[in-house]
>>> print(open('data.cif').read())   # mmCIF, N, CA and C atoms
data_my_file
#
loop_
_atom_site.label_atom_id
_atom_site.label_comp_id
_atom_site.auth_asym_id
_atom_site.auth_seq_id
_atom_site.Cartn_x
_atom_site.Cartn_y
_atom_site.Cartn_z
N MET A 1 0.84 -1.18 0.00
CA MET A 1 0.00 0.00 0.00
C MET A 1 0.88 1.24 0.00
N ALA A 2 0.46 2.24 -0.71
CA ALA A 2 1.24 3.48 -0.81
C ALA A 2 1.21 4.23 0.52
N ASN A 3 2.29 4.94 0.79
CA ASN A 3 2.33 5.78 1.96
C ASN A 3 1.24 6.83 1.84
N GLU A 4 0.45 6.99 2.91
CA GLU A 4 -0.71 7.87 2.87
C GLU A 4 -0.35 9.30 2.46
N SER A 5 0.83 9.77 2.85
CA SER A 5 1.20 11.16 2.55
C SER A 5 1.63 11.35 1.11
N THR A 6 1.79 10.26 0.36
CA THR A 6 2.25 10.39 -1.02
C THR A 6 1.16 10.04 -2.04
N LEU A 7 -0.07 9.89 -1.58
CA LEU A 7 -1.14 9.58 -2.52
C LEU A 7 -1.46 10.78 -3.39
N SER A 8 -1.65 10.52 -4.66
CA SER A 8 -2.05 11.59 -5.58
C SER A 8 -3.54 11.85 -5.46
N ARG A 9 -4.01 12.93 -6.06
CA ARG A 9 -5.43 13.24 -6.03
C ARG A 9 -6.26 12.10 -6.62
N PRO A 10 -5.89 11.54 -7.79
CA PRO A 10 -6.68 10.42 -8.32
C PRO A 10 -6.68 9.20 -7.39
N GLU A 11 -5.54 8.93 -6.75
CA GLU A 11 -5.48 7.81 -5.81
C GLU A 11 -6.40 8.07 -4.61
N LEU A 12 -6.38 9.29 -4.11
CA LEU A 12 -7.28 9.64 -3.00
C LEU A 12 -8.73 9.50 -3.43
N ASP A 13 -9.07 10.00 -4.61
CA ASP A 13 -10.45 9.89 -5.11
C ASP A 13 -10.87 8.42 -5.21
N ASP A 14 -9.97 7.56 -5.70
CA ASP A 14 -10.28 6.13 -5.82
C ASP A 14 -10.52 5.51 -4.45
N ARG A 15 -9.66 5.80 -3.50
CA ARG A 15 -9.81 5.23 -2.15
C ARG A 15 -11.07 5.74 -1.48
N ILE A 16 -11.39 7.01 -1.68
CA ILE A 16 -12.62 7.57 -1.12
C ILE A 16 -13.84 6.88 -1.72
N ALA A 17 -13.82 6.65 -3.02
CA ALA A 17 -14.94 5.96 -3.67
C ALA A 17 -15.08 4.53 -3.13
N ILE A 18 -13.97 3.85 -2.93
CA ILE A 18 -14.00 2.49 -2.39
C ILE A 18 -14.59 2.50 -0.98
N LEU A 19 -14.15 3.44 -0.15
CA LEU A 19 -14.67 3.51 1.21
C LEU A 19 -16.16 3.81 1.23
N ARG A 20 -16.61 4.69 0.36
CA ARG A 20 -18.04 4.99 0.30
C ARG A 20 -18.84 3.75 -0.11
N ASP A 21 -18.32 2.98 -1.06
CA ASP A 21 -18.99 1.76 -1.46
C ASP A 21 -18.99 0.75 -0.32
N ASN A 22 -17.85 0.62 0.39
CA ASN A 22 -17.78 -0.27 1.55
C ASN A 22 -18.83 0.11 2.59
N LEU A 23 -18.96 1.41 2.85
CA LEU A 23 -19.95 1.87 3.82
C LEU A 23 -21.37 1.54 3.38
N ARG A 24 -21.64 1.70 2.09
CA ARG A 24 -22.96 1.36 1.57
C ARG A 24 -23.25 -0.13 1.78
N GLN A 25 -22.28 -0.97 1.47
CA GLN A 25 -22.45 -2.41 1.62
C GLN A 25 -22.61 -2.80 3.09
N LEU A 26 -21.81 -2.20 3.96
CA LEU A 26 -21.92 -2.50 5.39
C LEU A 26 -23.28 -2.08 5.95
N THR A 27 -23.77 -0.95 5.49
CA THR A 27 -25.08 -0.47 5.93
C THR A 27 -26.17 -1.44 5.48
N GLU A 28 -26.06 -1.94 4.25
CA GLU A 28 -27.03 -2.92 3.76
C GLU A 28 -26.96 -4.21 4.58
N GLN A 29 -25.75 -4.65 4.91
CA GLN A 29 -25.59 -5.85 5.72
C GLN A 29 -26.19 -5.65 7.11
N ALA A 30 -25.94 -4.48 7.69
CA ALA A 30 -26.46 -4.20 9.03
C ALA A 30 -27.98 -4.23 9.04
N ALA A 31 -28.58 -3.73 7.99
CA ALA A 31 -30.04 -3.72 7.91
C ALA A 31 -30.61 -5.13 7.81
N ALA A 32 -29.84 -6.07 7.27
CA ALA A 32 -30.32 -7.43 7.08
C ALA A 32 -30.07 -8.33 8.29
N LEU A 33 -29.26 -7.90 9.23
CA LEU A 33 -28.90 -8.74 10.37
C LEU A 33 -29.81 -8.50 11.56
N SER A 34 -29.93 -9.55 12.36
CA SER A 34 -30.74 -9.40 13.57
C SER A 34 -29.98 -9.74 14.83
N GLY A 35 -28.81 -10.37 14.73
CA GLY A 35 -28.05 -10.75 15.91
C GLY A 35 -27.26 -9.60 16.49
N ALA A 36 -27.31 -9.45 17.81
CA ALA A 36 -26.63 -8.33 18.47
C ALA A 36 -25.13 -8.37 18.24
N GLY A 37 -24.53 -9.55 18.26
CA GLY A 37 -23.09 -9.66 18.04
C GLY A 37 -22.69 -9.23 16.65
N ASP A 38 -23.48 -9.66 15.66
CA ASP A 38 -23.21 -9.26 14.28
C ASP A 38 -23.37 -7.75 14.12
N GLU A 39 -24.42 -7.21 14.72
CA GLU A 39 -24.66 -5.77 14.63
C GLU A 39 -23.52 -4.98 15.24
N ALA A 40 -23.00 -5.44 16.37
CA ALA A 40 -21.89 -4.74 17.03
C ALA A 40 -20.64 -4.77 16.16
N ARG A 41 -20.35 -5.93 15.57
CA ARG A 41 -19.17 -6.02 14.70
C ARG A 41 -19.32 -5.11 13.49
N LEU A 42 -20.50 -5.10 12.89
CA LEU A 42 -20.72 -4.24 11.73
C LEU A 42 -20.66 -2.77 12.12
N ALA A 43 -21.18 -2.43 13.28
CA ALA A 43 -21.11 -1.04 13.74
C ALA A 43 -19.66 -0.61 13.90
N ASP A 44 -18.82 -1.51 14.43
CA ASP A 44 -17.38 -1.21 14.57
C ASP A 44 -16.74 -1.02 13.21
N ARG A 45 -17.06 -1.89 12.26
CA ARG A 45 -16.49 -1.77 10.91
C ARG A 45 -16.95 -0.49 10.23
N ILE A 46 -18.22 -0.15 10.41
CA ILE A 46 -18.73 1.10 9.83
C ILE A 46 -18.00 2.29 10.41
N ALA A 47 -17.81 2.30 11.73
CA ALA A 47 -17.11 3.40 12.38
C ALA A 47 -15.67 3.51 11.87
N GLU A 48 -15.00 2.38 11.68
CA GLU A 48 -13.63 2.39 11.16
C GLU A 48 -13.59 2.95 9.74
N GLN A 49 -14.53 2.51 8.90
CA GLN A 49 -14.57 2.97 7.52
C GLN A 49 -14.89 4.47 7.46
N GLU A 50 -15.81 4.93 8.32
CA GLU A 50 -16.14 6.36 8.35
C GLU A 50 -14.95 7.19 8.78
N ALA A 51 -14.19 6.71 9.77
CA ALA A 51 -13.01 7.44 10.23
C ALA A 51 -11.96 7.52 9.11
N GLU A 52 -11.76 6.41 8.40
CA GLU A 52 -10.81 6.40 7.29
C GLU A 52 -11.28 7.34 6.17
N LEU A 53 -12.57 7.32 5.89
CA LEU A 53 -13.13 8.21 4.87
C LEU A 53 -12.90 9.67 5.25
N ASP A 54 -13.21 10.02 6.49
CA ASP A 54 -12.99 11.40 6.96
C ASP A 54 -11.53 11.80 6.83
N ARG A 55 -10.62 10.88 7.19
CA ARG A 55 -9.19 11.19 7.13
C ARG A 55 -8.75 11.43 5.68
N LEU A 56 -9.22 10.59 4.76
CA LEU A 56 -8.83 10.74 3.36
C LEU A 56 -9.43 12.00 2.73
N VAL A 57 -10.66 12.32 3.08
CA VAL A 57 -11.28 13.54 2.55
C VAL A 57 -10.51 14.76 3.04
N LYS A 58 -10.11 14.76 4.31
CA LYS A 58 -9.31 15.87 4.84
C LYS A 58 -7.96 15.96 4.13
N GLN A 59 -7.35 14.79 3.87
CA GLN A 59 -6.07 14.77 3.16
C GLN A 59 -6.24 15.32 1.75
N ARG A 60 -7.32 14.92 1.07
CA ARG A 60 -7.58 15.41 -0.28
C ARG A 60 -7.82 16.91 -0.26
N ASP A 61 -8.61 17.39 0.71
CA ASP A 61 -8.87 18.82 0.81
C ASP A 61 -7.59 19.61 1.06
N ALA A 62 -6.72 19.06 1.89
CA ALA A 62 -5.44 19.73 2.17
C ALA A 62 -4.58 19.77 0.91
N LEU A 63 -4.59 18.70 0.14
CA LEU A 63 -3.85 18.66 -1.11
C LEU A 63 -4.40 19.71 -2.08
N ASP A 64 -5.72 19.81 -2.16
CA ASP A 64 -6.34 20.81 -3.03
C ASP A 64 -5.99 22.23 -2.58
N ALA A 65 -6.02 22.47 -1.27
CA ALA A 65 -5.71 23.79 -0.74
C ALA A 65 -4.25 24.15 -1.02
N LYS A 66 -3.38 23.16 -0.89
CA LYS A 66 -1.96 23.39 -1.16
C LYS A 66 -1.75 23.74 -2.64
N ARG A 67 -2.43 23.01 -3.51
CA ARG A 67 -2.32 23.29 -4.95
C ARG A 67 -2.92 24.65 -5.28
N ALA A 68 -4.06 24.98 -4.68
CA ALA A 68 -4.70 26.27 -4.94
C ALA A 68 -3.80 27.41 -4.47
N GLY A 69 -3.15 27.22 -3.33
CA GLY A 69 -2.24 28.23 -2.82
C GLY A 69 -1.02 28.40 -3.71
N ALA A 70 -0.56 27.30 -4.27
CA ALA A 70 0.62 27.34 -5.14
C ALA A 70 0.31 28.02 -6.47
N THR A 71 -0.93 27.88 -6.93
CA THR A 71 -1.30 28.47 -8.22
C THR A 71 -1.99 29.81 -8.05
N GLY A 72 -2.32 30.15 -6.80
CA GLY A 72 -2.97 31.44 -6.55
C GLY A 72 -4.42 31.47 -6.90
N ARG A 73 -5.05 30.28 -7.06
CA ARG A 73 -6.46 30.23 -7.36
C ARG A 73 -7.10 29.07 -6.61
N SER A 74 -8.41 29.08 -6.58
CA SER A 74 -9.14 28.03 -5.88
C SER A 74 -9.79 27.11 -6.89
N ASP A 75 -9.51 25.81 -6.78
CA ASP A 75 -10.14 24.82 -7.63
C ASP A 75 -11.33 24.21 -6.90
N HIS A 76 -12.40 23.99 -7.62
CA HIS A 76 -13.54 23.31 -7.03
C HIS A 76 -13.33 21.82 -7.19
N HIS A 77 -13.72 21.05 -6.18
CA HIS A 77 -13.59 19.61 -6.27
C HIS A 77 -14.90 18.96 -5.91
N ARG A 78 -15.04 17.70 -6.35
CA ARG A 78 -16.26 16.96 -6.04
C ARG A 78 -16.10 16.24 -4.73
N SER A 79 -17.19 16.08 -4.06
CA SER A 79 -17.18 15.37 -2.77
C SER A 79 -17.51 13.93 -2.96
#
>>> encode(input="data.cif", output="C-alpha cells")
Amino acid sequence: MANESTLSRPELDDRIAILRDNLRQLTEQAAALSGAGDEARLADRIAEQEAELDRLVKQRDALDAKRAGATGRSDHHRS
C-alpha cells in the first residue's frame, strides 16, 4: 500500500470511492442482520470505515488547498 502522505489526487479519489462503497455495503448488511453480536461487529467496521473516509477527505482537501495556494487560485472539487 502506498504511503498515505504520497497519494495523488486520483489515488485519493479512488480510495474515497471504495470507502463509500464499503460503507454502503456494510449499511445494507447491518439492515439485514438481527443478531446483536453481528450488529456490534458491523457497527465497529462502519465506524472504522467512516473514520478512514474522513481522514482521506481531509487529506484530499489539504492537497487541493496546497495546490490552490501554489497556483494562486481556488479549484472546485467533487465530494
>>> atom_distance(input="data.cif", atom1="CA of Ala17 in chain A", atom2="CA of Arg41 in chain A")
22.3 Å
>>> closest_residue(input="data.cif", among="A:Gln59, A:Thr71, A:Gln49, A:Ser8", to="Arg20 in chain A", atoms="only N, CA and C atoms")
A:Gln49
>>> atom_distance(input="data.cif", atom1="CA of Ile46 in chain A", atom2="CA of Ala31 in chain A")
12.4 Å
>>> atom_distance(input="data.cif", atom1="atom C of Glu28 in chain A", atom2="CA of Leu42 in chain A")
9.5 Å
>>> resolve_selection(input="data.cif", expression="the PyMOL selection byres (((chain A and resi 53 and name CA) around 12) and name CA)", output="number ranges by chain")
A: 12-23, 46-52, 54-60, 79
>>> select_by_dssp(input="data.cif", residues="chain A", states="alpha helix (DSSP H)", output="ChimeraX atom specification")
/A:9-32,36-71
